[in-house]
file target.txt (compact mmCIF, C-alpha atoms and all ligand atoms)
# COMPACT_ATOMS: atom_id res chain seq x y z
CA MET C 3 -18.31 -10.24 14.14
CA ARG C 4 -16.36 -7.74 12.03
CA ALA C 5 -13.01 -8.90 10.70
CA LEU C 6 -10.51 -8.01 7.98
CA THR C 7 -10.38 -11.12 5.80
CA ILE C 8 -9.19 -12.64 2.55
CA SER C 9 -10.95 -15.37 0.61
CA SER C 10 -8.22 -15.86 -2.01
CA HIS C 11 -4.57 -14.87 -2.42
CA GLY C 12 -3.19 -11.99 -4.46
CA GLY C 13 -2.68 -8.26 -4.01
CA LEU C 14 -4.14 -5.88 -1.47
CA ASP C 15 -7.35 -5.74 -3.56
CA ARG C 16 -8.16 -9.11 -1.94
CA LEU C 17 -8.63 -7.48 1.48
CA GLU C 18 -12.24 -7.64 2.52
CA LEU C 19 -13.75 -6.10 5.67
CA ARG C 20 -16.75 -8.27 6.59
CA ASP C 21 -19.31 -8.10 9.37
CA ASP C 22 -20.63 -11.67 8.97
CA VAL C 23 -17.62 -13.66 10.20
CA PRO C 24 -18.71 -16.20 12.87
CA THR C 25 -17.56 -15.16 16.35
CA PRO C 26 -15.08 -17.86 17.48
CA GLU C 27 -16.05 -20.09 20.44
CA LEU C 28 -13.70 -21.71 22.98
CA ARG C 29 -12.45 -25.05 21.62
CA ARG C 30 -10.54 -26.44 24.62
CA PRO C 31 -10.92 -25.96 28.40
CA THR C 32 -7.55 -24.15 28.37
CA ASP C 33 -8.66 -21.57 25.78
CA VAL C 34 -9.48 -17.92 26.32
CA ARG C 35 -11.37 -15.53 24.08
CA VAL C 36 -10.10 -11.98 23.69
CA ARG C 37 -12.20 -9.02 22.64
CA ILE C 38 -9.68 -7.20 20.48
CA ARG C 39 -9.03 -3.50 21.09
CA ALA C 40 -6.21 -2.96 18.57
CA ALA C 41 -4.20 -5.11 16.18
CA ALA C 42 -0.84 -4.40 14.55
CA LEU C 43 0.63 -5.35 11.18
CA ASN C 44 3.78 -7.33 10.44
CA HIS C 45 5.51 -8.10 7.16
CA LEU C 46 4.13 -11.62 7.62
CA ASP C 47 0.61 -10.28 6.93
CA LEU C 48 1.69 -9.14 3.45
CA PHE C 49 3.11 -12.61 2.77
CA VAL C 50 -0.18 -14.22 3.92
CA VAL C 51 -2.20 -12.02 1.53
CA GLU C 52 0.13 -13.02 -1.34
CA GLY C 53 -0.02 -16.69 -0.32
CA LEU C 54 2.70 -18.84 1.28
CA PRO C 55 3.76 -22.27 0.00
CA GLY C 56 2.07 -25.07 1.95
CA VAL C 57 -0.29 -22.75 3.85
CA THR C 58 -4.00 -23.03 3.00
CA ILE C 59 -6.75 -20.74 4.29
CA THR C 60 -10.45 -21.36 4.91
CA PRO C 61 -12.50 -18.37 3.61
CA PRO C 62 -13.36 -15.91 4.98
CA TRP C 63 -9.96 -15.86 6.68
CA PRO C 64 -9.27 -13.18 9.36
CA LEU C 65 -5.76 -11.71 8.99
CA GLY C 66 -3.37 -10.44 11.66
CA ALA C 67 -0.91 -11.82 14.21
CA ASP C 68 -0.49 -9.06 16.80
CA ALA C 69 -3.15 -7.63 19.10
CA CYS C 70 -4.18 -6.58 22.57
CA GLY C 71 -7.61 -6.77 24.13
CA THR C 72 -9.77 -7.79 27.04
CA ILE C 73 -10.57 -11.39 28.03
CA ASP C 74 -14.31 -11.98 27.55
CA ALA C 75 -14.58 -15.79 28.01
CA ILE C 76 -12.40 -18.47 29.64
CA GLY C 77 -12.40 -22.26 29.58
CA ALA C 78 -12.99 -24.38 32.72
CA GLU C 79 -9.27 -25.15 33.19
CA VAL C 80 -7.93 -21.61 32.76
CA LYS C 81 -5.93 -20.63 35.87
CA ASN C 82 -3.92 -17.46 35.33
CA VAL C 83 -6.30 -14.96 33.72
CA SER C 84 -9.87 -13.85 34.36
CA VAL C 85 -12.66 -12.26 32.35
CA GLY C 86 -11.96 -8.53 32.12
CA ASP C 87 -8.14 -8.82 32.18
CA TYR C 88 -6.26 -6.62 29.69
CA VAL C 89 -3.79 -8.80 27.78
CA VAL C 90 -1.22 -8.93 25.01
CA ILE C 91 -1.23 -11.98 22.75
CA ASN C 92 1.70 -14.18 21.69
CA PRO C 93 0.79 -15.20 18.13
CA GLY C 94 2.96 -18.36 18.17
CA ILE C 95 0.74 -21.43 18.69
CA SER C 96 2.35 -24.76 19.68
CA ASP C 97 0.99 -28.22 20.54
CA ARG C 98 2.75 -28.25 23.97
CA THR C 99 3.34 -32.01 23.68
CA CYS C 100 6.21 -32.55 21.21
CA GLU C 101 9.83 -33.02 22.36
CA TYR C 102 10.71 -29.34 21.74
CA CYS C 103 7.65 -28.04 23.61
CA LEU C 104 8.50 -30.31 26.54
CA GLN C 105 11.95 -28.66 26.60
CA GLY C 106 10.28 -25.23 26.76
CA GLU C 107 11.24 -24.46 23.17
CA GLN C 108 7.77 -23.78 21.72
CA PRO C 109 8.95 -21.97 18.54
CA LEU C 110 10.62 -25.24 17.46
CA CYS C 111 7.30 -27.12 17.86
CA VAL C 112 6.72 -29.67 15.09
CA LYS C 113 3.17 -28.26 14.77
CA PHE C 114 4.08 -24.60 15.27
CA GLY C 115 1.64 -22.11 13.80
CA ILE C 116 1.12 -18.34 13.82
CA LEU C 117 -2.12 -16.39 14.23
CA GLY C 118 -3.35 -15.08 10.91
CA GLU C 119 -1.20 -17.56 9.00
CA HIS C 120 -2.12 -21.04 10.29
CA VAL C 121 -5.06 -20.14 12.56
CA PRO C 122 -7.60 -17.28 12.25
CA GLY C 123 -6.03 -13.91 13.02
CA THR C 124 -6.39 -10.84 15.19
CA ILE C 125 -7.76 -8.10 12.92
CA ALA C 126 -11.19 -9.11 14.17
CA GLU C 127 -13.51 -8.30 17.05
CA HIS C 128 -12.65 -11.60 18.78
CA VAL C 129 -9.92 -14.23 18.72
CA VAL C 130 -9.59 -17.52 20.63
CA VAL C 131 -6.12 -18.61 21.83
CA PRO C 132 -4.70 -20.93 24.50
CA GLU C 133 -4.28 -19.34 27.94
CA ALA C 134 -0.50 -19.84 27.56
CA ASN C 135 -0.55 -17.29 24.72
CA VAL C 136 -1.75 -14.29 26.76
CA ARG C 137 -0.16 -12.17 29.49
CA VAL C 138 -1.86 -9.49 31.58
CA VAL C 139 -0.48 -5.96 31.22
CA PRO C 140 -1.38 -2.82 33.20
CA THR C 141 -4.13 -0.64 31.74
CA THR C 142 -1.63 2.24 31.88
CA VAL C 143 -0.09 0.74 28.72
CA SER C 144 -2.23 2.16 25.92
CA HIS C 145 -3.79 -0.03 23.24
CA GLU C 146 -1.56 0.97 20.32
CA PRO C 147 1.88 0.06 21.76
CA ALA C 148 0.38 -3.01 23.47
CA ALA C 149 -1.03 -4.26 20.16
CA ALA C 150 2.27 -3.50 18.40
CA PHE C 151 4.42 -5.17 21.01
CA THR C 152 4.59 -8.93 20.95
CA LEU C 153 5.65 -10.38 17.60
CA ALA C 154 8.48 -7.93 16.84
CA THR C 155 9.77 -7.65 20.42
CA LEU C 156 9.63 -11.40 21.07
CA THR C 157 11.41 -12.13 17.80
CA ALA C 158 14.10 -9.52 18.47
CA TRP C 159 14.57 -10.66 22.09
CA ARG C 160 15.25 -14.26 21.08
CA MET C 161 17.63 -13.07 18.34
CA ILE C 162 19.63 -10.63 20.49
CA VAL C 163 19.52 -12.17 23.97
CA THR C 164 19.13 -15.92 23.46
CA ARG C 165 20.71 -16.63 20.06
CA ALA C 166 23.41 -13.95 19.49
CA ARG C 167 23.98 -13.40 23.26
CA VAL C 168 24.91 -9.76 22.74
CA GLN C 169 27.19 -8.44 25.51
CA PRO C 170 27.75 -4.92 26.90
CA GLY C 171 30.22 -2.99 24.76
CA GLU C 172 29.83 -5.19 21.68
CA ASP C 173 29.19 -3.69 18.24
CA VAL C 174 25.89 -4.71 16.59
CA LEU C 175 24.92 -3.80 13.01
CA ILE C 176 21.16 -3.67 12.33
CA TRP C 177 19.79 -3.43 8.78
CA GLY C 178 16.50 -1.74 7.86
CA ILE C 179 15.95 0.44 10.88
CA GLY C 180 12.30 1.49 10.89
CA GLY C 181 10.92 -2.06 10.76
CA GLY C 182 9.43 -3.49 13.93
CA VAL C 183 12.02 -6.21 14.60
CA ALA C 184 14.94 -3.91 13.78
CA LEU C 185 13.66 -1.20 16.15
CA ALA C 186 13.07 -3.72 18.95
CA ALA C 187 16.59 -5.10 18.36
CA LEU C 188 17.99 -1.55 18.65
CA GLN C 189 16.14 -0.92 21.94
CA ILE C 190 17.23 -4.28 23.41
CA CYS C 191 20.89 -3.78 22.40
CA ARG C 192 20.82 -0.23 23.80
CA ASP C 193 19.51 -1.53 27.15
CA ILE C 194 22.22 -4.23 27.23
CA GLY C 195 24.84 -1.52 26.72
CA ALA C 196 25.97 -2.59 23.26
CA ARG C 197 27.02 -0.14 20.52
CA THR C 198 24.51 -0.12 17.65
CA TRP C 199 25.17 0.61 13.98
CA VAL C 200 21.86 1.15 12.21
CA VAL C 201 21.33 1.17 8.44
CA SER C 202 18.54 2.73 6.37
CA SER C 203 18.08 4.52 3.05
CA SER C 204 16.26 7.33 4.86
CA ASP C 205 18.08 10.11 6.75
CA ASP C 206 14.85 10.83 8.61
CA LYS C 207 14.66 7.24 9.92
CA LEU C 208 18.34 7.41 10.92
CA ARG C 209 17.74 10.63 12.82
CA ARG C 210 14.84 9.06 14.69
CA ALA C 211 16.90 5.96 15.43
CA THR C 212 19.52 8.22 17.03
CA GLU C 213 16.80 9.59 19.31
CA LEU C 214 16.08 5.97 20.33
CA GLY C 215 19.75 5.49 21.25
CA ALA C 216 21.50 4.28 18.07
CA THR C 217 25.26 4.85 18.32
CA GLU C 218 26.22 5.05 14.61
CA THR C 219 24.02 5.66 11.57
CA LEU C 220 24.68 4.63 7.96
CA ASN C 221 22.65 5.65 4.90
CA ARG C 222 23.06 2.71 2.50
CA ASN C 223 22.22 4.96 -0.47
CA THR C 224 25.10 7.34 0.18
CA VAL C 225 27.84 5.19 1.76
CA ASP C 226 29.40 1.76 1.25
CA VAL C 227 28.20 0.22 4.52
CA ALA C 228 30.91 -2.45 4.82
CA ARG C 229 33.72 -0.01 3.98
CA VAL C 230 32.55 2.58 6.52
CA VAL C 231 32.18 -0.05 9.26
CA ARG C 232 35.67 -1.41 8.51
CA ASP C 233 37.13 2.13 8.58
CA ARG C 234 35.39 3.23 11.76
CA THR C 235 36.30 -0.01 13.59
CA LYS C 236 39.92 0.07 12.33
CA LYS C 237 39.29 -3.09 10.24
CA ARG C 238 38.02 -5.05 13.23
CA GLY C 239 34.40 -5.26 12.07
CA VAL C 240 31.32 -5.72 14.23
CA ASP C 241 30.55 -8.56 16.66
CA VAL C 242 26.97 -9.17 15.57
CA VAL C 243 24.89 -8.46 12.46
CA VAL C 244 21.08 -8.53 12.54
CA ASP C 245 20.05 -9.22 8.94
CA ASN C 246 16.36 -9.75 8.14
CA VAL C 247 16.73 -8.44 4.58
CA GLY C 248 18.47 -11.47 3.07
CA ALA C 249 19.52 -11.47 -0.59
CA ALA C 250 20.10 -7.71 -0.89
CA THR C 251 22.30 -7.31 2.20
CA TRP C 252 23.92 -10.70 3.00
CA LYS C 253 27.21 -10.02 1.19
CA GLN C 254 27.61 -6.64 2.93
CA SER C 255 26.66 -8.23 6.25
CA LEU C 256 29.51 -10.73 5.99
CA LEU C 257 31.96 -7.99 4.91
CA THR C 258 31.21 -6.08 8.11
CA LEU C 259 31.42 -9.12 10.40
CA GLY C 260 34.60 -9.37 12.49
CA LYS C 261 36.41 -12.47 13.74
CA ARG C 262 34.19 -14.73 15.89
CA GLY C 263 31.21 -12.69 14.58
CA ARG C 264 27.63 -13.85 14.78
CA LEU C 265 25.07 -13.17 12.06
CA VAL C 266 21.49 -13.66 13.22
CA THR C 267 18.48 -13.71 10.91
CA CYS C 268 14.72 -14.17 11.24
CA GLY C 269 13.78 -13.52 7.63
CA GLY C 270 14.76 -12.35 4.17
CA THR C 271 12.36 -9.69 2.96
CA SER C 272 14.39 -9.04 -0.23
CA GLY C 273 14.78 -12.72 -1.14
CA PRO C 274 15.68 -15.99 0.58
CA ILE C 275 18.70 -17.28 -1.37
CA VAL C 276 22.13 -15.99 -0.25
CA GLU C 277 25.79 -16.81 -0.97
CA THR C 278 28.43 -17.49 1.70
CA ASP C 279 32.16 -18.11 1.13
CA VAL C 280 32.84 -21.15 3.35
CA ARG C 281 36.54 -20.22 3.61
CA ARG C 282 35.70 -16.91 5.29
CA LEU C 283 33.13 -18.68 7.49
CA PHE C 284 35.62 -21.11 9.02
CA TRP C 285 38.68 -18.86 9.00
CA ASN C 286 36.87 -16.10 10.91
CA GLN C 287 35.01 -18.67 13.04
CA TRP C 288 31.67 -17.04 12.38
CA SER C 289 28.31 -18.32 13.62
CA LEU C 290 25.28 -18.05 11.35
CA LEU C 291 22.20 -18.11 13.58
CA GLY C 292 18.59 -18.61 12.59
CA SER C 293 15.82 -17.52 14.93
CA THR C 294 12.06 -17.27 14.90
CA MET C 295 9.44 -16.01 17.37
CA GLY C 296 10.10 -16.86 21.06
CA ASN C 297 9.34 -19.34 23.85
CA ASP C 298 7.22 -18.92 27.00
CA ALA C 299 10.18 -17.79 29.13
CA GLU C 300 11.10 -15.15 26.53
CA PHE C 301 7.44 -14.02 26.38
CA ASP C 302 7.54 -13.56 30.18
CA ALA C 303 10.81 -11.63 29.89
CA ILE C 304 9.54 -9.15 27.29
CA VAL C 305 6.21 -8.62 29.06
CA ALA C 306 8.17 -7.70 32.22
CA GLU C 307 9.96 -5.06 30.09
CA LEU C 308 6.62 -3.73 28.81
CA ARG C 309 5.09 -3.64 32.30
CA ALA C 310 8.08 -1.59 33.47
CA GLU C 311 7.72 0.54 30.30
CA ARG C 312 11.39 -0.10 29.44
CA LEU C 313 10.58 -1.63 26.05
CA VAL C 314 7.74 0.21 24.33
CA PRO C 315 7.47 -0.15 20.56
CA PRO C 316 7.41 3.05 18.47
CA VAL C 317 4.04 3.34 16.70
CA ASP C 318 4.20 4.78 13.17
CA SER C 319 0.52 5.26 12.49
CA VAL C 320 -2.96 4.20 13.62
CA PHE C 321 -5.86 3.42 11.27
CA PRO C 322 -9.53 2.64 12.05
CA LEU C 323 -10.71 -0.85 11.05
CA ASP C 324 -12.66 0.71 8.16
CA ASP C 325 -9.35 1.99 6.71
CA SER C 326 -7.44 -1.30 7.06
CA ARG C 327 -6.44 -1.27 3.41
CA ALA C 328 -4.62 2.04 3.91
CA ALA C 329 -2.75 0.46 6.83
CA PHE C 330 -1.59 -2.41 4.61
CA GLU C 331 -0.56 0.06 1.89
CA ARG C 332 1.48 2.00 4.45
CA LEU C 333 3.33 -1.20 5.42
CA ALA C 334 3.79 -2.33 1.80
CA ALA C 335 5.37 1.04 0.90
CA GLY C 336 8.10 0.46 3.52
CA GLU C 337 8.08 4.08 4.64
CA GLN C 338 7.03 3.39 8.22
CA PHE C 339 9.14 4.03 11.30
CA GLY C 340 7.66 1.68 13.86
CA LYS C 341 4.47 -0.30 13.88
CA VAL C 342 1.32 0.23 11.84
CA VAL C 343 -1.70 -0.28 14.12
CA ILE C 344 -5.39 -0.89 13.36
CA ARG C 345 -7.91 0.20 15.98
CA VAL C 346 -10.55 -2.54 16.14
CA SER C 347 -12.93 -1.50 18.94
ZN ZN K 1 5.29 -28.94 20.17

call {"tool": "encode", "arguments": {"input": "target.txt", "output": "structure tokens", "more": "lines below"}}
Ligand SMILES: [Zn+2]
result
Amino acid sequence: MRALTISSHGGLDRLELRDDVPTPELRRPTDVRVRIRAAALNHLDLFVVEGLPGVTITPPWPLGADACGTIDAIGAEVKNVSVGDYVVINPGISDRTCEYCLQGEQPLCVKFGILGEHVPGTIAEHVVVPEANVRVVPTTVSHEPAAAFTLATLTAWRMIVTRARVQPGEDVLIWGIGGGVALAALQICRDIGARTWVVSSSDDKLRRATELGATETLNRNTVDVARVVRDRTKKRGVDVVVDNVGAATWKQSLLTLGKRGRLVTCGGTSGPIVETDVRRLFWNQWSLLGSTMGNDAEFDAIVAELRAERLVPPVDSVFPLDDSRAAFERLAAGEQFGKVVIRVS
């Protein structure tokens, strides 16, 4: 089959589109095989190309975590999907037997893995996943938003709904609007009825975020974000900060956070090491919340939103499989507003 692969780590020059990758076969009776229609990129894919500590790949390694497609083979014990069904894929793979899995908390699985990182990925003509990792969606949802949907929306849903428990009327600050998780967080907060403060260095991205329902916009190149938030909230600060940037924004995040505030993070794209003044942490009774991916119940919840077309991810651009490198360059440049999608077949 055709697949976008790497055989060693490094820059985007390592990307290799091959047509001799073995088509994956079902491994367990609960597996399904999906013929991929479209795949979407996440920042994670850039990290995989560069190489992640403790993660080893078997060449040629298909990249990609997100995708949609059509089921073309099912194992003998598969119950909920049939050949021909149009599905979205949850890229989080768990063993379903450890204590966390048995509690329904798959993203805490002791053997948790992600498609494209720990198991072969989705920028390929076929991928094999457990039945539990697919959900049927109506064919009225087109391939590009379906492919772009799961990883970012699932991650944002767990952060906003499960971890930070954002309430109607609360103020939520979201860094880096334009990225997939940040945009999904904005849409989820909007639907809850929270007030959203979105930050970017691009006026164009801020304008488009307003069209998606953002309440307040802040250009971090032209204003002191923490000062403006303090002024506009009469020193109260915000209730929740969504910070996936890390080193570059952490200090400002804490300066904007009001009493009893919650800071929720699923990553640190600018660097992982941050500094927190413990005195301000306890005095203001803050909660610092980590989050990653989502569990089966959260996957069901977001797919219900997609089926109802309430949560549809903005798509920035679509590239054919032959131009995959250009898609990765678009993501690496950080200029996208929404998801970068690769059309596979
Ligand atoms: Zn487990």

call {"tool": "residues_around", "arguments": {"input": "target.txt", "residues": "stretch 242-257 of chain C", "least_positions_apart": "6", "cutoff": "7 Å", "atoms": "only C-alpha atoms", "output": "CSV table (one decimal) with C-alpha atoms, keeping the file's coordinate frame"}}
result
chain,number,residue,atom,x,y,z
C,173,ASP,CA,29.2,-3.7,18.2
C,174,VAL,CA,25.9,-4.7,16.6
C,175,LEU,CA,24.9,-3.8,13.0
C,176,ILE,CA,21.2,-3.7,12.3
C,177,TRP,CA,19.8,-3.4,8.8
C,228,ALA,CA,30.9,-2.4,4.8
C,263,GLY,CA,31.2,-12.7,14.6
C,264,ARG,CA,27.6,-13.8,14.8
C,265,LEU,CA,25.1,-13.2,12.1
C,266,VAL,CA,21.5,-13.7,13.2
C,267,THR,CA,18.5,-13.7,10.9
C,268,CYS,CA,14.7,-14.2,11.2
C,269,GLY,CA,13.8,-13.5,7.6
C,270,GLY,CA,14.8,-12.4,4.2
C,271,THR,CA,12.4,-9.7,3.0
C,272,SER,CA,14.4,-9.0,-0.2
C,273,GLY,CA,14.8,-12.7,-1.1
C,274,PRO,CA,15.7,-16.0,0.6
C,275,ILE,CA,18.7,-17.3,-1.4
C,276,VAL,CA,22.1,-16.0,-0.2

call {"tool": "closest_atom_pairs", "arguments": {"input": "target.txt", "of": "chain C", "to": "ligand ZN 1 (chain K)", "cutoff": "9 Å", "atoms": "all atoms listed in the file", "output": "tab-separated table"}}
result
residue	atom	partner	partner_atom	distance
C:Ile95	CA	K:ZN1	ZN	8.9
C:Ser96	CA	K:ZN1	ZN	5.1
C:Asp97	CA	K:ZN1	ZN	4.4
C:Arg98	CA	K:ZN1	ZN	4.6
C:Thr99	CA	K:ZN1	ZN	5.1
C:Cys100	CA	K:ZN1	ZN	3.9
C:Glu101	CA	K:ZN1	ZN	6.5
C:Tyr102	CA	K:ZN1	ZN	5.7
C:Cys103	CA	K:ZN1	ZN	4.3
C:Leu104	CA	K:ZN1	ZN	7.3
C:Glu107	CA	K:ZN1	ZN	8.0
C:Gln108	CA	K:ZN1	ZN	5.9
C:Pro109	CA	K:ZN1	ZN	8.0
C:Leu110	CA	K:ZN1	ZN	7.0
C:Cys111	CA	K:ZN1	ZN	3.6
C:Val112	CA	K:ZN1	ZN	5.3
C:Lys113	CA	K:ZN1	ZN	5.8
C:Phe114	CA	K:ZN1	ZN	6.7

call {"tool": "residues_around", "arguments": {"input": "target.txt", "residues": "stretch 299-306 of chain C", "least_positions_apart": "3", "cutoff": "7 Å", "atoms": "all atoms listed in the file", "output": "compact mmCIF listing (two decimals) with C-alpha atoms, in the coordinates of the input"}}
result
# COMPACT_ATOMS: atom_id res chain seq x y z
CA LEU C 156 9.63 -11.40 21.07
CA ARG C 160 15.25 -14.26 21.08
CA GLY C 296 10.10 -16.86 21.06
CA ARG C 309 5.09 -3.64 32.30
CA ALA C 310 8.08 -1.59 33.47

call {"tool": "atom_distance", "arguments": {"input": "target.txt", "atom1": "atom CA of C:His45", "atom2": "atom CA of C:Ile116"}}
result
13.0 Å

call {"tool": "closest_residue", "arguments": {"input": "target.txt", "among": "C:Tyr88, C:Phe151, C:Trp159, C:Phe321", "to": "C:Leu333", "atoms": "all atoms listed in the file"}}
result
C:Phe321

call {"tool": "build_atoms", "arguments": {"input": "target.txt", "residues": "stretch 68-77 of chain C", "atoms": "all heavy atoms", "output": "PDB file, keeping the file's coordinate frame"}}
result
ATOM      1  N   ASP C  68      -0.699  -9.807  15.556  1.00  0.00           N
ATOM      2  CA  ASP C  68      -0.490  -9.060  16.800  1.00  0.00           C
ATOM      3  C   ASP C  68      -1.785  -8.397  17.267  1.00  0.00           C
ATOM      4  O   ASP C  68      -2.559  -7.904  16.438  1.00  0.00           O
ATOM      5  CB  ASP C  68       0.536  -7.942  16.567  1.00  0.00           C
ATOM      6  CG  ASP C  68       1.948  -8.356  16.941  1.00  0.00           C
ATOM      7  OD1 ASP C  68       2.095  -9.175  17.860  1.00  0.00           O
ATOM      8  OD2 ASP C  68       2.886  -7.836  16.308  1.00  0.00           O
ATOM      9  N   ALA C  69      -1.984  -8.358  18.565  1.00  0.00           N
ATOM     10  CA  ALA C  69      -3.150  -7.630  19.100  1.00  0.00           C
ATOM     11  C   ALA C  69      -3.075  -7.523  20.613  1.00  0.00           C
ATOM     12  O   ALA C  69      -2.322  -8.251  21.277  1.00  0.00           O
ATOM     13  CB  ALA C  69      -4.449  -8.337  18.726  1.00  0.00           C
ATOM     14  N   CYS C  70      -3.891  -6.620  21.140  1.00  0.00           N
ATOM     15  CA  CYS C  70      -4.180  -6.580  22.570  1.00  0.00           C
ATOM     16  C   CYS C  70      -5.686  -6.493  22.733  1.00  0.00           C
ATOM     17  O   CYS C  70      -6.394  -6.148  21.786  1.00  0.00           O
ATOM     18  CB  CYS C  70      -3.511  -5.374  23.230  1.00  0.00           C
ATOM     19  SG  CYS C  70      -4.265  -3.808  22.759  1.00  0.00           S
ATOM     20  N   GLY C  71      -6.168  -6.841  23.909  1.00  0.00           N
ATOM     21  CA  GLY C  71      -7.610  -6.770  24.130  1.00  0.00           C
ATOM     22  C   GLY C  71      -7.960  -7.206  25.534  1.00  0.00           C
ATOM     23  O   GLY C  71      -7.088  -7.315  26.411  1.00  0.00           O
ATOM     24  N   THR C  72      -9.249  -7.461  25.722  1.00  0.00           N
ATOM     25  CA  THR C  72      -9.770  -7.790  27.040  1.00  0.00           C
ATOM     26  C   THR C  72     -10.360  -9.204  26.987  1.00  0.00           C
ATOM     27  O   THR C  72     -11.103  -9.525  26.061  1.00  0.00           O
ATOM     28  CB  THR C  72     -10.885  -6.784  27.416  1.00  0.00           C
ATOM     29  OG1 THR C  72     -10.387  -5.471  27.198  1.00  0.00           O
ATOM     30  CG2 THR C  72     -11.276  -6.929  28.865  1.00  0.00           C
ATOM     31  N   ILE C  73     -10.023 -10.028  27.983  1.00  0.00           N
ATOM     32  CA  ILE C  73     -10.570 -11.390  28.030  1.00  0.00           C
ATOM     33  C   ILE C  73     -12.091 -11.313  28.224  1.00  0.00           C
ATOM     34  O   ILE C  73     -12.559 -10.634  29.140  1.00  0.00           O
ATOM     35  CB  ILE C  73      -9.951 -12.171  29.215  1.00  0.00           C
ATOM     36  CG1 ILE C  73      -8.424 -12.181  29.134  1.00  0.00           C
ATOM     37  CG2 ILE C  73     -10.551 -13.571  29.328  1.00  0.00           C
ATOM     38  CD1 ILE C  73      -7.817 -13.308  28.383  1.00  0.00           C
ATOM     39  N   ASP C  74     -12.853 -11.999  27.363  1.00  0.00           N
ATOM     40  CA  ASP C  74     -14.310 -11.980  27.550  1.00  0.00           C
ATOM     41  C   ASP C  74     -14.921 -13.370  27.738  1.00  0.00           C
ATOM     42  O   ASP C  74     -16.136 -13.490  27.960  1.00  0.00           O
ATOM     43  CB  ASP C  74     -15.020 -11.162  26.461  1.00  0.00           C
ATOM     44  CG  ASP C  74     -15.254 -11.936  25.189  1.00  0.00           C
ATOM     45  OD1 ASP C  74     -14.552 -12.939  24.943  1.00  0.00           O
ATOM     46  OD2 ASP C  74     -16.147 -11.535  24.420  1.00  0.00           O
ATOM     47  N   ALA C  75     -14.089 -14.433  27.687  1.00  0.00           N
ATOM     48  CA  ALA C  75     -14.580 -15.790  28.010  1.00  0.00           C
ATOM     49  C   ALA C  75     -13.366 -16.641  28.326  1.00  0.00           C
ATOM     50  O   ALA C  75     -12.289 -16.466  27.729  1.00  0.00           O
ATOM     51  CB  ALA C  75     -15.345 -16.381  26.832  1.00  0.00           C
ATOM     52  N   ILE C  76     -13.501 -17.561  29.297  1.00  0.00           N
ATOM     53  CA  ILE C  76     -12.400 -18.470  29.640  1.00  0.00           C
ATOM     54  C   ILE C  76     -12.928 -19.891  29.782  1.00  0.00           C
ATOM     55  O   ILE C  76     -14.060 -20.108  30.208  1.00  0.00           O
ATOM     56  CB  ILE C  76     -11.658 -18.042  30.941  1.00  0.00           C
ATOM     57  CG1 ILE C  76     -12.600 -18.033  32.150  1.00  0.00           C
ATOM     58  CG2 ILE C  76     -10.988 -16.703  30.774  1.00  0.00           C
ATOM     59  CD1 ILE C  76     -11.872 -17.846  33.483  1.00  0.00           C
ATOM     60  N   GLY C  77     -12.044 -20.855  29.426  1.00  0.00           N
ATOM     61  CA  GLY C  77     -12.400 -22.260  29.580  1.00  0.00           C
ATOM     62  C   GLY C  77     -12.314 -22.697  31.040  1.00  0.00           C
ATOM     63  O   GLY C  77     -11.732 -21.993  31.886  1.00  0.00           O
TER      64      GLY C  77
END
